[in-house]
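Q: File name start.pdb; file contents PDB, C-alpha atoms; full text below.
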```
ATOM      1  CA  MET A   1     -51.627  -1.826   7.539
ATOM      2  CA  SER A   2     -48.166  -3.061   8.357
ATOM      3  CA  VAL A   3     -45.985  -1.630  11.105
ATOM      4  CA  GLN A   4     -43.610  -0.309   8.445
ATOM      5  CA  GLU A   5     -46.419   1.507   6.612
ATOM      6  CA  ARG A   6     -47.631   3.041   9.868
ATOM      7  CA  LYS A   7     -44.099   4.223  10.723
ATOM      8  CA  GLU A   8     -43.690   5.742   7.256
ATOM      9  CA  ARG A   9     -47.026   7.535   7.575
ATOM     10  CA  GLU A  10     -46.066   8.865  11.020
ATOM     11  CA  ARG A  11     -42.680   9.995   9.711
ATOM     12  CA  ALA A  12     -44.309  11.810   6.784
ATOM     13  CA  GLY A  13     -46.745  13.448   9.202
ATOM     14  CA  ARG A  14     -43.892  14.681  11.418
ATOM     15  CA  GLU A  15     -42.088  16.041   8.379
ATOM     16  CA  ARG A  16     -45.210  17.943   7.252
ATOM     17  CA  LEU A  17     -45.579  19.292  10.799
ATOM     18  CA  ILE A  18     -41.972  20.517  10.854
ATOM     19  CA  VAL A  19     -42.350  22.270   7.486
ATOM     20  CA  ALA A  20     -45.726  23.800   8.382
ATOM     21  CA  THR A  21     -44.410  25.017  11.731
ATOM     22  CA  ALA A  22     -41.278  26.505  10.168
ATOM     23  CA  ARG A  23     -43.382  28.241   7.570
ATOM     24  CA  GLU A  24     -45.809  29.602  10.149
ATOM     25  CA  LEU A  25     -43.018  30.862  12.388
ATOM     26  CA  ALA A  26     -41.197  32.458   9.442
ATOM     27  CA  GLU A  27     -44.367  34.196   8.255
ATOM     28  CA  GLN A  28     -45.039  35.518  11.769
ATOM     29  CA  GLN A  29     -41.526  36.470  12.898
ATOM     30  CA  GLY A  30     -39.172  36.099   9.932
ATOM     31  CA  TRP A  31     -36.660  33.409   9.068
ATOM     32  CA  ASP A  32     -34.231  34.517  11.766
ATOM     33  CA  ALA A  33     -36.759  33.280  14.331
ATOM     34  CA  VAL A  34     -36.740  29.793  12.812
ATOM     35  CA  THR A  35     -34.225  27.684  14.695
ATOM     36  CA  THR A  36     -34.134  23.944  15.188
ATOM     37  CA  ARG A  37     -34.449  24.463  18.924
ATOM     38  CA  ARG A  38     -37.522  26.640  18.565
ATOM     39  CA  LEU A  39     -39.087  24.264  16.028
ATOM     40  CA  ALA A  40     -38.481  21.292  18.313
ATOM     41  CA  GLU A  41     -40.200  23.139  21.154
ATOM     42  CA  ARG A  42     -43.170  24.128  18.987
ATOM     43  CA  ILE A  43     -43.768  20.689  17.528
ATOM     44  CA  GLU A  44     -43.100  19.052  20.910
ATOM     45  CA  TYR A  45     -40.416  16.689  19.671
ATOM     46  CA  SER A  46     -36.759  16.622  20.595
ATOM     47  CA  GLN A  47     -34.129  18.209  18.383
ATOM     48  CA  PRO A  48     -32.731  14.755  17.470
ATOM     49  CA  VAL A  49     -36.163  13.848  16.053
ATOM     50  CA  LEU A  50     -36.110  17.036  13.982
ATOM     51  CA  TYR A  51     -32.580  16.211  12.791
ATOM     52  CA  SER A  52     -33.739  12.743  11.776
ATOM     53  CA  HIS A  53     -35.887  14.502   9.140
ATOM     54  CA  PHE A  54     -33.725  17.485   8.180
ATOM     55  CA  ARG A  55     -30.007  18.099   8.611
ATOM     56  CA  GLY A  56     -30.685  21.677   9.593
ATOM     57  CA  LYS A  57     -32.398  24.932   8.808
ATOM     58  CA  ARG A  58     -31.107  25.000   5.240
ATOM     59  CA  GLU A  59     -32.968  21.793   4.368
ATOM     60  CA  ILE A  60     -36.095  23.079   6.096
ATOM     61  CA  ILE A  61     -35.928  26.239   3.997
ATOM     62  CA  GLY A  62     -35.574  24.024   0.923
ATOM     63  CA  ALA A  63     -38.644  22.001   1.909
ATOM     64  CA  VAL A  64     -40.661  25.195   2.387
ATOM     65  CA  ALA A  65     -39.420  26.436  -0.998
ATOM     66  CA  LEU A  66     -40.533  23.250  -2.743
ATOM     67  CA  GLU A  67     -43.950  23.423  -1.104
ATOM     68  CA  GLY A  68     -44.213  27.084  -2.097
ATOM     69  CA  ALA A  69     -43.208  26.365  -5.691
ATOM     70  CA  ALA A  70     -46.012  23.819  -5.991
ATOM     71  CA  GLU A  71     -48.495  26.300  -4.519
ATOM     72  CA  MET A  72     -47.315  29.093  -6.789
ATOM     73  CA  ALA A  73     -47.585  26.876  -9.884
ATOM     74  CA  ALA A  74     -51.152  25.984  -8.916
ATOM     75  CA  ALA A  75     -52.035  29.650  -8.310
ATOM     76  CA  LEU A  76     -50.580  30.715 -11.676
ATOM     77  CA  ARG A  77     -52.416  27.979 -13.537
ATOM     78  CA  ALA A  78     -55.686  28.740 -11.770
ATOM     79  CA  ALA A  79     -55.401  32.433 -12.625
ATOM     80  CA  THR A  80     -54.523  31.875 -16.269
ATOM     81  CA  SER A  81     -57.043  29.110 -16.896
ATOM     82  CA  ALA A  82     -59.868  31.450 -15.955
ATOM     83  CA  THR A  83     -59.053  33.885 -18.777
ATOM     84  CA  ASP A  84     -59.297  33.986 -22.551
ATOM     85  CA  GLY A  85     -56.710  35.447 -24.869
ATOM     86  CA  PRO A  86     -52.967  35.937 -24.463
ATOM     87  CA  ARG A  87     -53.134  39.479 -23.059
ATOM     88  CA  PHE A  88     -55.573  38.524 -20.319
ATOM     89  CA  ARG A  89     -53.591  35.359 -19.504
ATOM     90  CA  VAL A  90     -50.318  37.251 -19.161
ATOM     91  CA  THR A  91     -51.961  39.982 -17.082
ATOM     92  CA  ALA A  92     -53.623  37.377 -14.847
ATOM     93  CA  LEU A  93     -50.308  35.542 -14.510
ATOM     94  CA  ALA A  94     -48.490  38.731 -13.479
ATOM     95  CA  HIS A  95     -51.121  39.565 -10.864
ATOM     96  CA  ALA A  96     -51.192  36.001  -9.519
ATOM     97  CA  TYR A  97     -47.404  35.998  -9.204
ATOM     98  CA  LEU A  98     -47.299  39.343  -7.397
ATOM     99  CA  ASP A  99     -50.222  38.360  -5.172
ATOM    100  CA  PHE A 100     -48.491  35.110  -4.212
ATOM    101  CA  ALA A 101     -45.293  36.981  -3.312
ATOM    102  CA  GLU A 102     -47.231  39.518  -1.245
ATOM    103  CA  ARG A 103     -49.386  36.974   0.609
ATOM    104  CA  ASN A 104     -46.489  34.578   1.333
ATOM    105  CA  PRO A 105     -43.378  36.684   2.002
ATOM    106  CA  ALA A 106     -41.488  34.051   4.016
ATOM    107  CA  VAL A 107     -42.258  31.327   1.489
ATOM    108  CA  TYR A 108     -41.240  33.653  -1.342
ATOM    109  CA  ASP A 109     -37.978  34.345   0.469
ATOM    110  CA  ALA A 110     -37.405  30.604   0.902
ATOM    111  CA  MET A 111     -37.984  30.127  -2.816
ATOM    112  CA  PHE A 112     -35.857  32.972  -4.165
ATOM    113  CA  GLN A 113     -33.826  34.779  -1.521
ATOM    114  CA  LEU A 114     -32.530  32.212   0.955
ATOM    115  CA  ASP A 115     -30.214  29.254   0.529
ATOM    116  CA  GLY A 116     -32.351  26.158   0.714
ATOM    117  CA  GLY A 117     -29.734  23.975  -0.934
ATOM    118  CA  LEU A 118     -31.811  23.611  -4.095
ATOM    119  CA  ALA A 119     -30.400  23.536  -7.605
ATOM    120  CA  PHE A 120     -31.954  25.904 -10.133
ATOM    121  CA  ALA A 121     -31.778  25.796 -13.918
ATOM    122  CA  ASN A 122     -30.007  22.468 -14.316
ATOM    123  CA  GLU A 123     -30.708  18.746 -14.470
ATOM    124  CA  ASP A 124     -30.722  18.475 -10.643
ATOM    125  CA  THR A 125     -33.508  21.034 -10.260
ATOM    126  CA  PRO A 126     -36.298  19.486  -8.178
ATOM    127  CA  GLU A 127     -39.561  18.858  -9.994
ATOM    128  CA  PRO A 128     -41.664  21.458  -8.093
ATOM    129  CA  LEU A 129     -39.244  24.207  -9.192
ATOM    130  CA  LYS A 130     -39.339  23.000 -12.788
ATOM    131  CA  ASP A 131     -43.122  22.924 -12.642
ATOM    132  CA  ALA A 132     -43.324  26.482 -11.286
ATOM    133  CA  PHE A 133     -41.205  27.650 -14.224
ATOM    134  CA  ALA A 134     -43.386  25.596 -16.582
ATOM    135  CA  ALA A 135     -46.465  27.371 -15.187
ATOM    136  CA  LEU A 136     -44.875  30.679 -16.210
ATOM    137  CA  LEU A 137     -43.754  29.346 -19.593
ATOM    138  CA  GLU A 138     -47.221  28.019 -20.478
ATOM    139  CA  SER A 139     -48.621  31.546 -20.743
ATOM    140  CA  LEU A 140     -45.506  33.517 -21.560
ATOM    141  CA  GLY A 141     -44.180  31.222 -24.271
ATOM    142  CA  GLU A 142     -47.105  32.099 -26.517
ATOM    143  CA  VAL A 143     -46.252  35.829 -26.402
ATOM    144  CA  ALA A 144     -42.467  35.618 -26.679
ATOM    145  CA  GLY A 145     -42.517  36.942 -30.222
ATOM    146  CA  ASP A 146     -40.982  35.800 -33.465
ATOM    147  CA  GLY A 147     -37.386  34.672 -33.188
ATOM    148  CA  VAL A 148     -37.377  34.851 -29.375
ATOM    149  CA  HIS A 149     -36.765  31.661 -27.440
ATOM    150  CA  PRO A 150     -39.840  31.143 -25.216
ATOM    151  CA  ALA A 151     -37.831  30.007 -22.152
ATOM    152  CA  LEU A 152     -35.479  32.989 -22.441
ATOM    153  CA  PHE A 153     -38.428  35.367 -22.717
ATOM    154  CA  THR A 154     -40.028  33.690 -19.691
ATOM    155  CA  GLU A 155     -36.817  34.190 -17.674
ATOM    156  CA  VAL A 156     -36.761  37.906 -18.508
ATOM    157  CA  PHE A 157     -40.454  38.396 -17.716
ATOM    158  CA  TRP A 158     -40.063  36.405 -14.485
ATOM    159  CA  ALA A 159     -37.061  38.543 -13.524
ATOM    160  CA  ALA A 160     -39.174  41.660 -14.042
ATOM    161  CA  LEU A 161     -41.969  40.232 -11.871
ATOM    162  CA  HIS A 162     -39.466  39.234  -9.199
ATOM    163  CA  GLY A 163     -38.018  42.736  -9.230
ATOM    164  CA  LEU A 164     -41.472  44.287  -8.869
ATOM    165  CA  ALA A 165     -42.372  41.926  -6.018
ATOM    166  CA  THR A 166     -39.097  42.459  -4.181
ATOM    167  CA  LEU A 167     -38.897  46.234  -4.627
ATOM    168  CA  THR A 168     -42.550  46.772  -3.692
ATOM    169  CA  ARG A 169     -42.194  44.663  -0.562
ATOM    170  CA  ALA A 170     -39.059  46.561   0.435
ATOM    171  CA  GLY A 171     -40.952  49.854   0.142
ATOM    172  CA  ARG A 172     -38.865  50.965  -2.843
ATOM    173  CA  LEU A 173     -41.902  51.108  -5.153
ATOM    174  CA  PRO A 174     -45.289  52.506  -4.115
ATOM    175  CA  PRO A 175     -47.851  49.677  -4.091
ATOM    176  CA  GLU A 176     -50.617  51.873  -5.483
ATOM    177  CA  ASP A 177     -48.874  51.861  -8.887
ATOM    178  CA  THR A 178     -48.733  48.063  -9.187
ATOM    179  CA  GLU A 179     -51.549  47.901 -11.733
ATOM    180  CA  ARG A 180     -49.844  50.469 -13.967
ATOM    181  CA  ARG A 181     -46.551  48.586 -13.706
ATOM    182  CA  VAL A 182     -48.211  45.326 -14.725
ATOM    183  CA  GLU A 183     -49.897  47.069 -17.673
ATOM    184  CA  LEU A 184     -46.582  48.523 -18.783
ATOM    185  CA  LEU A 185     -44.830  45.188 -18.418
ATOM    186  CA  VAL A 186     -47.489  43.390 -20.446
ATOM    187  CA  ASP A 187     -47.704  46.145 -23.101
ATOM    188  CA  ARG A 188     -43.985  46.656 -23.625
ATOM    189  CA  LEU A 189     -42.390  43.315 -22.825
ATOM    190  CA  ALA A 190     -45.076  40.859 -23.864
ATOM    191  CA  MET A 191     -46.447  43.230 -26.510
ATOM    192  CA  VAL A 192     -49.924  41.732 -26.478
TER     193      VAL A 192
END
```
So, in terms of structure tokens, how does the structure I just supplied come out?

A:
Amino acid sequence: MSVQERKERERAGRERLIVATARELAEQQGWDAVTTRRLAERIEYSQPVLYSHFRGKREIIGAVALEGAAEMAAALRAATSATDGPRFRVTALAHAYLDFAERNPAVYDAMFQLDGGLAFANEDTPEPLKDAFAALLESLGEVAGDGVHPALFTEVFWAALHGLATLTRAGRLPPEDTERRVELLVDRLAMV
């Protein structure tokens, strides 16, 4: 292994450590607790080393969001691949989405609530975000209905799931009714 390859591997390892530490701190104490100073202390590197990887907290949030998008896409695909029939796939997708949001609140916030400097819904959208949307579209596109654009239907269904996740987490919706909400969403919006 060349010196250059070793340096690149070490740099990638430091970057993964920064992202993992930011994510862990955000999940434990919220994003307000994530500062470059605190991250530098936790990873035992100086702030200039941290800044050599990320220009600031915004880019760190973006890195966490991209990692989360890849994880969410994998979770959605795993949930839907284990089912047969459109109704069961859409129901499994809805539950997997809501479960991901509940289990990973700081990551979910990085993905959809905070400014991570990422472009959505255009040609500059990073691949992990496109893939997360594709994971939704794969199951939802088949139930969009006649004359309904599959991507547009997926956006509306996703917006409903996001609303359920956000309102439940904020204590605005009682969590014990989640199953009934998912049933209603699948029955009335996906009509399967």

Q: Tell me, as a list of chain:residue names, which residues lie within 12 Å of Pro126 in chain A, counting all atoms listed in the file; anything in the same chain fewer than 3 positions away does not count.

A: A:Gly62, A:Ala63, A:Ala65, A:Leu66, A:Glu67, A:Ala69, A:Ala70, A:Gly116, A:Gly117, A:Leu118, A:Ala119, A:Phe120, A:Ala121, A:Asn122, A:Glu123, A:Leu129, A:Lys130, A:Asp131, A:Ala132, A:Phe133

Q: With range 142-147 of chain A as the partner and 10 Å as the cut-off, tabulate the residues of range 55-101 of chain A that qualify, each row holding the nearest pair of atoms and their distance in Å to one decimal, using all atoms listed in the file, sorted by chain and rising number, as JSON lines.

A:
```
{"residue": "A:Pro86", "atom": "CA", "partner": "A:Val143", "partner_atom": "CA", "distance": 7.0}
{"residue": "A:Arg87", "atom": "CA", "partner": "A:Val143", "partner_atom": "CA", "distance": 8.5}
{"residue": "A:Val90", "atom": "CA", "partner": "A:Val143", "partner_atom": "CA", "distance": 8.4}
```

Q: What does the structure give for the distance between CA of Ser46 in chain A and CA of Ser2 in chain A, in Å to one decimal?

A: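 Pair CA of Ser46 in chain A / CA of Ser2 in chain A returns 25.8 Å.
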
Q: What does the distance between CA of Asp124 in chain A and CA of Ala26 in chain A come to in Å, to one decimal place?

A: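 Interatomic distance, CA of Asp124 in chain A to CA of Ala26 in chain A: 26.6 Å.
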
Q: Which one is closest to Asp84 in chain A: A:Ser139, A:Glu5, A:Tyr45, A:Ala33? Count all atoms listed in the file.

A: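 Of A:Ser139, A:Glu5, A:Tyr45, A:Ala33, the one nearest Asp84 in chain A, counting all atoms listed in the file, is A:Ser139.
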
Q: Would you please work out which residue, of A:Val186, A:Ala73, A:Pro105, A:Ala159, is nearest to Arg89 in chain A when using all atoms listed in the file?

A: A:Val186

Q: Could you write out as a list in words the residues that the PyMOL selection byres ((chain A and resi 151) around 10) matches in the shown file?

A: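 Given this file, the PyMOL selection byres ((chain A and resi 151) around 10) evaluates to Phe133, Ala134, Leu136, Leu137, Glu138, Leu140, Gly141, Ala144, Val148, His149, Pro150, Leu152, Phe153, Thr154, Glu155, Val156 and Phe157 of chain A.
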
Q: Here's the selection I'm unsure about, the PyMOL selection byres ((chain A and resi 95) around 12); applied to the file above, which residues does it give, as an NGL selection string?

A: :A and (72 or 75-80 or 88-94 or 96-103 or 161-162 or 164-165 or 178-183 or 185-186)

Q: Put those residues in a file: C-alpha atoms, as a CSV table (one decimal), in the coordinates of the input.

A:
```csv
chain,number,residue,atom,x,y,z
A,72,MET,CA,-47.3,29.1,-6.8
A,75,ALA,CA,-52.0,29.6,-8.3
A,76,LEU,CA,-50.6,30.7,-11.7
A,77,ARG,CA,-52.4,28.0,-13.5
A,78,ALA,CA,-55.7,28.7,-11.8
A,79,ALA,CA,-55.4,32.4,-12.6
A,80,THR,CA,-54.5,31.9,-16.3
A,88,PHE,CA,-55.6,38.5,-20.3
A,89,ARG,CA,-53.6,35.4,-19.5
A,90,VAL,CA,-50.3,37.3,-19.2
A,91,THR,CA,-52.0,40.0,-17.1
A,92,ALA,CA,-53.6,37.4,-14.8
A,93,LEU,CA,-50.3,35.5,-14.5
A,94,ALA,CA,-48.5,38.7,-13.5
A,96,ALA,CA,-51.2,36.0,-9.5
A,97,TYR,CA,-47.4,36.0,-9.2
A,98,LEU,CA,-47.3,39.3,-7.4
A,99,ASP,CA,-50.2,38.4,-5.2
A,100,PHE,CA,-48.5,35.1,-4.2
A,101,ALA,CA,-45.3,37.0,-3.3
A,102,GLU,CA,-47.2,39.5,-1.2
A,103,ARG,CA,-49.4,37.0,0.6
A,161,LEU,CA,-42.0,40.2,-11.9
A,162,HIS,CA,-39.5,39.2,-9.2
A,164,LEU,CA,-41.5,44.3,-8.9
A,165,ALA,CA,-42.4,41.9,-6.0
A,178,THR,CA,-48.7,48.1,-9.2
A,179,GLU,CA,-51.5,47.9,-11.7
A,180,ARG,CA,-49.8,50.5,-14.0
A,181,ARG,CA,-46.6,48.6,-13.7
A,182,VAL,CA,-48.2,45.3,-14.7
A,183,GLU,CA,-49.9,47.1,-17.7
A,185,LEU,CA,-44.8,45.2,-18.4
A,186,VAL,CA,-47.5,43.4,-20.4
```

Q: Provide the CA of Ala74 in chain A to CA of Arg42 in chain A distance in Å, to one decimal place.

A: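 According to the coordinates, CA of Ala74 in chain A and CA of Arg42 in chain A are separated by 29.1 Å.
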
Q: Check what the PyMOL selection byres ((chain A and resi 114) around 12) selects in the file above and give those residues as a short mmCIF file (atom, residue, chain, number, x, y, z; two decimals) with C-alpha atoms, in the coordinates of the input.

A:
```cif
data_model
loop_
_atom_site.label_atom_id
_atom_site.label_comp_id
_atom_site.auth_asym_id
_atom_site.auth_seq_id
_atom_site.Cartn_x
_atom_site.Cartn_y
_atom_site.Cartn_z
CA GLY A 30 -39.17 36.10 9.93
CA TRP A 31 -36.66 33.41 9.07
CA ASP A 32 -34.23 34.52 11.77
CA LYS A 57 -32.40 24.93 8.81
CA ARG A 58 -31.11 25.00 5.24
CA GLU A 59 -32.97 21.79 4.37
CA ILE A 60 -36.10 23.08 6.10
CA ILE A 61 -35.93 26.24 4.00
CA GLY A 62 -35.57 24.02 0.92
CA ALA A 63 -38.64 22.00 1.91
CA VAL A 64 -40.66 25.20 2.39
CA ALA A 65 -39.42 26.44 -1.00
CA PRO A 105 -43.38 36.68 2.00
CA ALA A 106 -41.49 34.05 4.02
CA VAL A 107 -42.26 31.33 1.49
CA TYR A 108 -41.24 33.65 -1.34
CA ASP A 109 -37.98 34.34 0.47
CA ALA A 110 -37.40 30.60 0.90
CA MET A 111 -37.98 30.13 -2.82
CA PHE A 112 -35.86 32.97 -4.16
CA GLN A 113 -33.83 34.78 -1.52
CA ASP A 115 -30.21 29.25 0.53
CA GLY A 116 -32.35 26.16 0.71
CA GLY A 117 -29.73 23.98 -0.93
CA LEU A 118 -31.81 23.61 -4.10
#
```
